[in-house]
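Asker: Sharing a structure below in structure tokens format, with a few things to ask.
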Amino acid sequence: MRRFKELFLSDLYRYKGSTGFGTFLKCYYTIPGVRYSFWLRLCTALAGRRAWFLVYLFARLRLRHYSFKFGFDISHQATIGPGLYIGHFGGIIVNAKAKIGKNVNLSQGVTIGQANRGSRQGCAEIGDCVYIGPGAKIVGHVIVGDHAAIGANAVVTKDVPNNAVVGGIPAKVLSYNGSAGYVNRVVK
């Protein structure tokens with residue numbers, strides 16, 4: 001349960017810069033990303049722990065409820081580092097096999113999907129301090145480098161270098177200005 005607390009508090013910090021109980025209550029009831037993150041992290045922490053099965057079952061039901069309510073479908077089986085930030089609700093899909101680093105921003109309409117054939121078969125690996133813009137799609141075994149920024153509606157099907165800004169369909173490197181200014185209040 002300590003891992004749950006560490007991960008959730010790091011997520012909460014990304015939203016408000018503090019982690020007190022008052023901040024938690026205010027954010028839980030006003031920010032959909034915080035509420036979803038709470039149940040997502042709890043499901044991840046309790047998965048496979050027999051002694052906590054009933055709590056896990058309840059947490060899965062709450063997570064499913066908020067999936068429908070907010071339009072998020074982020075698998076609790078995905079590997080997600082500390083400091084997850086969900087900017088707006090609606091249409092976020094993350095495959096169970098995705099690997100997401102720390103301090104990653106997910107915007108509305110983002111899909112991190114799996115390719116089932118071809119040279120990029122598998123699911124994405126997202127680095128640290130990555131900004132993923134609204135409507136972006138990352139498909140297949142793509143490695144997104146640290147401090148990268150993926151532009152709105154970009155379709156990423158090839159690896160993204162560190163500090164790159166990519167955009168377009170298919171995504172191409174536009175600059176090397178990275179995610180500075182988009183990813184704030186990073187967790188160490």
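Numbering starts fresh at 1 for the residues of each chain in the structure tokens, the chains themselves are lettered A, B, ... in the order given, and ligands are numbered from 1 as they appear.
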Near segment 94-106 of chain A, within 9 Å and counting only C-alpha atoms, which residues show up once chain neighbours fewer than 5 positions away are dropped, as a VMD selection string?

Answerer: chain A and resid 10 to 11 14 72 to 88 111 to 114 122 to 134 141 146 182 to 188

Asker: Hey, what does DSSP flag as alpha helix (DSSP H) within segment 46-182 of chain A? Can you give it to me as a list in words?

Answerer: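 Those in segment 46-182 of chain A that DSSP calls alpha helix (DSSP H) are Leu46, Phe53, Leu54, Val55, Tyr56, Leu57, Phe58, Ala59, Arg60, Leu61, Arg62, Leu63, Arg64, His65, Tyr66, Ser67, Phe68, Lys69 and Phe70 of chain A.
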
Asker: Got time to write the residues from that selection, C-alpha atoms, as a tab-separated table (two decimals), in the first residue's frame?

Answerer:
```tsv
chain	number	residue	atom	x	y	z
A	46	LEU	CA	-4.18	-4.33	-5.02
A	53	PHE	CA	-9.58	-9.18	-2.92
A	54	LEU	CA	-12.85	-7.54	-1.84
A	55	VAL	CA	-11.27	-4.09	-1.69
A	56	TYR	CA	-9.72	-4.74	-5.11
A	57	LEU	CA	-13.10	-5.77	-6.49
A	58	PHE	CA	-14.70	-2.59	-5.14
A	59	ALA	CA	-11.86	-0.49	-6.56
A	60	ARG	CA	-12.26	-2.14	-9.99
A	61	LEU	CA	-15.97	-1.32	-9.94
A	62	ARG	CA	-15.25	2.32	-9.06
A	63	LEU	CA	-12.56	2.51	-11.75
A	64	ARG	CA	-15.01	1.09	-14.31
A	65	HIS	CA	-17.66	3.58	-13.20
A	66	TYR	CA	-15.30	6.50	-13.70
A	67	SER	CA	-14.12	5.06	-17.03
A	68	PHE	CA	-17.65	5.44	-18.33
A	69	LYS	CA	-18.29	8.74	-16.58
A	70	PHE	CA	-15.11	10.52	-17.73
```

Asker: Which one of A:Asp159, A:Ala148, A:Leu7, A:Ser107 sits closest to Cys43 of chain A if you count only C-alpha atoms?

Answerer: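 Nearest to Cys43 of chain A: A:Leu7.
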
Asker: What's around Gly20 of chain A at 10 Å? Count only C-alpha atoms, leave out sequence neighbours fewer than 6 positions away in its own chain, and write the answer as a CSV table (one decimal) with C-alpha atoms, in the first residue's frame.

Answerer:
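What landed in part_38.csv:
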```
chain,number,residue,atom,x,y,z
A,9,LEU,CA,0.6,11.6,-4.1
A,12,LEU,CA,-1.7,14.8,-6.9
A,13,TYR,CA,1.4,17.0,-6.7
```

Asker: If we count only C-alpha atoms, what is near Ala154 of chain A at a cut-off of 10 Å, once residues fewer than 5 positions away on the same chain are taken out, given as a list in words?

Answerer: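 Residues near the query, excluding close chain neighbours: Val110, Ile132, Gly133, Pro134, Gly135, Ala136, Lys137, Ile138, Val166, Gly167, Gly168, Ile169, Pro170, Ala171 and Lys172 of chain A.
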
Asker: Residues of the last selection are to be written out with N, CA and C atoms, as a PDB file, in the first residue's frame.

Answerer:
```
ATOM      1  N   VAL A 110      -6.341  11.084 -26.454  1.00  0.00           N
ATOM      2  CA  VAL A 110      -5.080  10.360 -26.662  1.00  0.00           C
ATOM      3  C   VAL A 110      -5.336   8.856 -26.694  1.00  0.00           C
ATOM      4  N   ILE A 132       1.813  14.675 -24.266  1.00  0.00           N
ATOM      5  CA  ILE A 132       1.077  14.078 -25.384  1.00  0.00           C
ATOM      6  C   ILE A 132      -0.160  14.929 -25.606  1.00  0.00           C
ATOM      7  N   GLY A 133      -0.193  15.634 -26.728  1.00  0.00           N
ATOM      8  CA  GLY A 133      -1.237  16.608 -27.027  1.00  0.00           C
ATOM      9  C   GLY A 133      -2.591  16.002 -27.360  1.00  0.00           C
ATOM     10  N   PRO A 134      -3.619  16.853 -27.413  1.00  0.00           N
ATOM     11  CA  PRO A 134      -4.980  16.394 -27.683  1.00  0.00           C
ATOM     12  C   PRO A 134      -5.090  15.632 -29.005  1.00  0.00           C
ATOM     13  N   GLY A 135      -5.760  14.502 -28.959  1.00  0.00           N
ATOM     14  CA  GLY A 135      -6.023  13.724 -30.151  1.00  0.00           C
ATOM     15  C   GLY A 135      -4.854  12.921 -30.690  1.00  0.00           C
ATOM     16  N   ALA A 136      -3.726  12.935 -30.014  1.00  0.00           N
ATOM     17  CA  ALA A 136      -2.554  12.202 -30.507  1.00  0.00           C
ATOM     18  C   ALA A 136      -2.767  10.698 -30.402  1.00  0.00           C
ATOM     19  N   LYS A 137      -2.233   9.984 -31.372  1.00  0.00           N
ATOM     20  CA  LYS A 137      -2.317   8.527 -31.394  1.00  0.00           C
ATOM     21  C   LYS A 137      -0.904   7.972 -31.484  1.00  0.00           C
ATOM     22  N   ILE A 138      -0.582   7.038 -30.597  1.00  0.00           N
ATOM     23  CA  ILE A 138       0.719   6.366 -30.609  1.00  0.00           C
ATOM     24  C   ILE A 138       0.420   4.886 -30.776  1.00  0.00           C
ATOM     25  N   VAL A 166       7.123  16.522 -32.134  1.00  0.00           N
ATOM     26  CA  VAL A 166       6.646  15.887 -33.361  1.00  0.00           C
ATOM     27  C   VAL A 166       5.201  16.275 -33.630  1.00  0.00           C
ATOM     28  N   GLY A 167       4.827  16.264 -34.888  1.00  0.00           N
ATOM     29  CA  GLY A 167       3.458  16.572 -35.277  1.00  0.00           C
ATOM     30  C   GLY A 167       3.181  16.054 -36.663  1.00  0.00           C
ATOM     31  N   GLY A 168       1.919  15.971 -37.006  1.00  0.00           N
ATOM     32  CA  GLY A 168       1.511  15.557 -38.333  1.00  0.00           C
ATOM     33  C   GLY A 168       1.093  14.104 -38.407  1.00  0.00           C
ATOM     34  N   ILE A 169       0.673  13.729 -39.640  1.00  0.00           N
ATOM     35  CA  ILE A 169       0.237  12.363 -39.917  1.00  0.00           C
ATOM     36  C   ILE A 169       0.981  11.891 -41.155  1.00  0.00           C
ATOM     37  N   PRO A 170       1.906  10.988 -41.063  1.00  0.00           N
ATOM     38  CA  PRO A 170       2.520  10.449 -39.842  1.00  0.00           C
ATOM     39  C   PRO A 170       3.405  11.506 -39.179  1.00  0.00           C
ATOM     40  N   ALA A 171       3.653  11.347 -37.894  1.00  0.00           N
ATOM     41  CA  ALA A 171       4.392  12.350 -37.129  1.00  0.00           C
ATOM     42  C   ALA A 171       5.833  12.465 -37.612  1.00  0.00           C
ATOM     43  N   LYS A 172       6.271  13.714 -37.708  1.00  0.00           N
ATOM     44  CA  LYS A 172       7.651  14.019 -38.092  1.00  0.00           C
ATOM     45  C   LYS A 172       8.224  14.990 -37.078  1.00  0.00           C
TER      46      LYS A 172
END
```

Asker: So which bits of segment 82-182 of chain A end up strand (DSSP E) when you DSSP the backbone, as a PyMOL selection string?

Answerer: chain A and resi 85-86+92-94+99-100+105-106+111-115+122-123+125-126+131-132+137-139+143-144+149-150+155-156+165-167+172-175

Asker: Please determine, counting only C-alpha atoms, which residue among A:Ser37, A:Gln121, A:Ser175, A:Thr23 has the shortest atom-to-atom distance to Val142 of chain A.

Answerer: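 So, comparing all the options, the nearest one is A:Gln121.
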
Asker: With only C-alpha atoms as the basis for distance, which of A:Ala180, A:Gly71, A:Phe89, A:Ala115 is at the shortest distance from Thr30 of chain A?

Answerer: A:Phe89

Asker: Select, from A:Lys16, A:Leu174, A:Arg35, A:Leu42, the residue with the minimum atom-to-atom distance to Arg3 of chain A, counting only C-alpha atoms.

Answerer: A:Leu42
